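K.L.:
The structure's right below; bear with me while I get my questions together.
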Amino acid sequence: MIENDFPYPTSRAGYVPEKRYKIMAHDIQITLDLKRHWLKALDRIKVKRGKGKLKAFINKGLTIDFVKIDGQTLPFKIIPTYSLTDYIRDASHKDKEYYKNAALLEIQIPKELGHNDIVLDVSYQGVIYDELKVPRFSREYIANQTTGLIGEEGVYLCGASHWYISLPEDLATYRLTTITPSPYEVITEGKRLERTEAGGEIKTVWSITHPLDALDLIAGRYHITEDNYKGIKIYTFFFPEESHLAPLYIGAVKRYLGFYEDLLGRYPFSKFAVVENFFPSGYGRPSFTLLGKTVIKLPFIIETSLGHEMAHSWWGNSIFVDYRKGNWSEGLTTYNADYLYKELKGEKEAVDYRRQINRDYSNYVHECNEFPLSQFIERTTPATRAIGYGKGAMVFHMLRRMIGDEPFYRALRLIIKRNLYKRISWYDFRDVFEEVSGKELDWFFDQWIKRKGAPFIRLGQVGCEKGAEGYRLDVEILQEGMPYILDIPLRIELSSGEIIDNVYRIKRPKEVIRITVRSRPSLLVIDPNCHVFRRLHREEIPPLLSQVLGDKKQLVVIPTQGSKEMRKAYLEVAKQLARSGEAVLKYDSELNEAELAENSLFLLGGMGENILVDRFISVLPEGVRMEEKGFTLNERRYDQKGSCLVVTVANRYNVNKGVTILFGLNPQGVRSVGRKITHYGKYSYLAFIDGKNKDKGIWAIRVNPLLYKFQPTPQ
């Protein structure tokens, strides 16, 4: 961003950009009335010198009492309807939903005062209560949706609440003083300087001396537990019912702090808090994470989501994303957290994780929803997650393999050292990786960040000829479409038992790799451990739920038989599935043969309910048996009332399509599984009792098109 450019589009005919005001710091004093959903605040704002009017955003539900400078009242105007691109340099750096409750505040600064930095006093008050909404039915929406609310259930005010005067392009420091009715405790970013309680009110003072891109204010009836790690304050803000979990979370936070300080360098804040939310959420903010009441009780969250949010302390929360050039933070955090934890467990877990990334991309992303990483902002669908999180993580993995572990992590630490509390883009990463590795990396970042899509490789002809020095192999590797520059792992197994693993760089649509080995080869495999981000062959992917959920041609098939109560439950699940993606709803009696072949099918109901299920019983794998009053999976019989089976198989009418059957024994079980089914996209089969998962797994693949078996030597 060019310093002080006023953020009007420069393409306006005859318009000359003027220097704009910039918000540098806030000192906010705020009183919250939870019963009335109301706040009253005084914000002392430090503003960097500029020209013309100060233009900023404020919540539409708030009214401005006055704007003053040195006691002098200034004229202002609130504009509820405006063109967003007139006031934000690049509106795509935030989702437009971010501004839906914002009005534009224009403050006229006297010309003679604009030559120096100034301090404005702005008094405002009003109601903020955007009621919680049930999210679209998708694993990507990990929270109920609200831009902010003040209520007796709790307080949630974030950047999108526009609860203070802000310019989203600016990074500012803060001092926040809050008055809440007892027993409501406040948590925000930064360091708590003071907490006093008197007269039925709690006063809390927080100081944030490092720049932030937005300030949050969270309040609830919290029981606070406090600890310390090497001078870093550790808190849990839990509701009394969950306060017994505090020691577990504090111990985990200490472990993660030690791990990430060794990996990335000094933790960039003075505290880390685990905060329980009164509605479902999973957010990471500078110096705290906000986890929903249900989530926080799940035992695996400490080993997964907590670590991911703590990794965000470096990536995204102390080094900010320049969204105009794409969000790198989610891919890198996924790689430094979710993936790295698997790698530390063992090679098999790491391979499975990389393979699942490629499976998700291959199943969820197609030509109609594909886009480059330079355009990724946030996850909203399975496809956006597969690109921003999965592809993004694999880009860092391929870069690490290319330059080596030591230079890779040294570069990450150098990026942190140079860019703390600044906005950076993918290309800032490129510059540092080039500096540390001594390699020119324009081509790498251009093909993986600017270009949409993924390579698709095939194994061509394989030649084997015996010579004086052993066996000479000619291995043909083909790329479809415009070729990528790829470092392709190739494994050769010899009849002697020796295994040879090497990496070969390919650049053209057809490359022939010539290899000499000492003894006769028996097996050759391209990329056996999924080190390359690529679109997989259909044969490489077992039938998975994600294949059906991600298909752009998907039918959710509603049963016409069975009890009225069961049909009603299946219909509810069908409507939820239709909200999550590409699905079209049809009744089982409406489909013809062509539709069965052209679509992936989500069949709701079992035998005696959905008339199409009988057509696919014959293709159920060994170990799965369905009956009208129960089912068997992996030698376990399920006939309890709350039992539910979800199984995905190949479509017998089209091998490139999938069929998922969801069959339950009572309406409650069907509804419970239906609400959470999109969280299980990576599995082939699932069994539930009363909504609790009892078994899950993935079918084995039987054919690998990138594997070649050599004929044995004739005896």
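To be explicit about the labels: the chains of the structure tokens are called A, B, and onward in the order shown, and within each one the residues are counted from 1, while ligands get numbers from 1 in the order they are shown.
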With a distance cut-off of 6 Å and only C-alpha atoms, select the neighbouring residues of Thr204 (chain A), excluding the residue or stretch itself and same-chain residues fewer than 3 positions from it, and output the selection as a list in words.

P.N.:
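Residues meeting the cut-off are Thr177, Thr178, Glu194 and Arg195 of chain A.
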
K.L.:
Write out the residues from the selection above, keeping C-alpha atoms, as a PDB file, in the first residue's frame.

P.N.:
ATOM      1  CA  THR A 177     -11.517   0.275  29.530  1.00  0.00           C
ATOM      2  CA  THR A 178     -14.762  -1.637  30.028  1.00  0.00           C
ATOM      3  CA  GLU A 194      -6.402  -3.653  35.874  1.00  0.00           C
ATOM      4  CA  ARG A 195      -9.502  -5.440  37.138  1.00  0.00           C
TER       5      ARG A 195
END

K.L.:
Can you list, as a VMD selection string, all residues belonging to region 103-338 of chain A that DSSP tags as strand (DSSP E or B)?

P.N.:
chain A and resid 103 to 108 118 to 127 129 133 145 148 to 151 154 to 157 166 172 to 181 185 to 187 191 to 198 201 to 212 217 to 220 223 to 229 232 to 238 271 to 277 282 to 285 288 to 292 315 319 to 321

K.L.:
Give me, as a tab-separated table, the closest atom pair and its distance (Å, one decimal) for every residue of region 393-482 of chain A within a cut-off of 9 Å of region 322-334 of chain A, counting only C-alpha atoms, rows sorted by chain and rising number.

P.N.:
residue	atom	partner	partner_atom	distance
A:Ala393	CA	A:Gly331	CA	4.3
A:Met394	CA	A:Gly331	CA	7.8
A:Val395	CA	A:Gly331	CA	8.2
A:Phe396	CA	A:Leu332	CA	6.8
A:Arg423	CA	A:Asp322	CA	5.3
A:Ile424	CA	A:Asp322	CA	5.2
A:Ser425	CA	A:Asp322	CA	5.3
A:Trp426	CA	A:Trp328	CA	6.3
A:Tyr427	CA	A:Lys325	CA	8.7
A:Ile449	CA	A:Gly326	CA	8.5

K.L.:
What would the file look like if the residues just selected were written as a CSV table (one decimal), in the first residue's frame with N, CA and C atoms?

P.N.:
chain,number,residue,atom,x,y,z
A,393,ALA,N,-1.2,-25.6,2.0
A,393,ALA,CA,-0.3,-26.4,2.8
A,393,ALA,C,0.7,-27.1,1.9
A,394,MET,N,0.2,-27.7,0.8
A,394,MET,CA,1.1,-28.5,0.0
A,394,MET,C,2.1,-27.6,-0.8
A,395,VAL,N,1.8,-26.4,-1.0
A,395,VAL,CA,2.8,-25.5,-1.6
A,395,VAL,C,4.0,-25.3,-0.7
A,396,PHE,N,3.7,-25.1,0.6
A,396,PHE,CA,4.8,-25.0,1.6
A,396,PHE,C,5.5,-26.4,1.7
A,423,ARG,N,1.6,-6.2,7.4
A,423,ARG,CA,0.9,-7.0,6.4
A,423,ARG,C,1.9,-7.5,5.4
A,424,ILE,N,1.8,-8.8,5.0
A,424,ILE,CA,2.7,-9.3,4.0
A,424,ILE,C,1.9,-10.2,3.0
A,425,SER,N,2.5,-10.5,1.9
A,425,SER,CA,1.8,-11.3,0.8
A,425,SER,C,2.7,-12.5,0.5
A,426,TRP,N,2.2,-13.4,-0.3
A,426,TRP,CA,2.9,-14.5,-0.8
A,426,TRP,C,4.3,-14.1,-1.3
A,427,TYR,N,4.4,-12.9,-1.9
A,427,TYR,CA,5.6,-12.5,-2.6
A,427,TYR,C,6.7,-12.0,-1.6
A,449,ILE,N,0.8,-20.0,-7.1
A,449,ILE,CA,0.0,-19.0,-6.5
A,449,ILE,C,-0.9,-18.2,-7.5

K.L.:
Just give me the gap between CA of Ala25 (chain A) and CA of His312 (chain A) in Å, one decimal is fine.

P.N.:
23.5 Å

K.L.:
Report, in Å to a single decimal, how far apart CA of Thr381 (chain A) and CA of Cys530 (chain A) are.

P.N.:
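Between these atoms lies a distance of 23.9 Å.
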
K.L.:
Can you list, as a PyMOL selection string, every protein, DNA or RNA residue that comes within 12 Å of Leu290 (chain A) when you count only C-alpha atoms, leaving out same-chain residues fewer than 3 positions away?

P.N.:
chain A and resi 142-143+156+158+187-189+216-220+236-238+272-287+293-296+305-306+309-310

K.L.:
Fewer than 2 positions away in the same chain doesn't count, so skip those; otherwise give me all residues within 9 Å of His115 (chain A), counting only C-alpha atoms, as a PyMOL selection string.

P.N.:
chain A and resi 49-51+111-113+117-118

K.L.:
Given the choices A:Tyr260, A:Gly404, A:Trp699, A:Leu603, which gets closest to Tyr341 (chain A) if the distance is worked out from only C-alpha atoms?

P.N.:
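Comparing A:Tyr260, A:Gly404, A:Trp699, A:Leu603 against Tyr341 (chain A), the winner is A:Tyr260.
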
K.L.:
Quick check, in Å to one decimal: how far apart do CA of Leu257 (chain A) and CA of Asn336 (chain A) lie?

P.N.:
13.3 Å
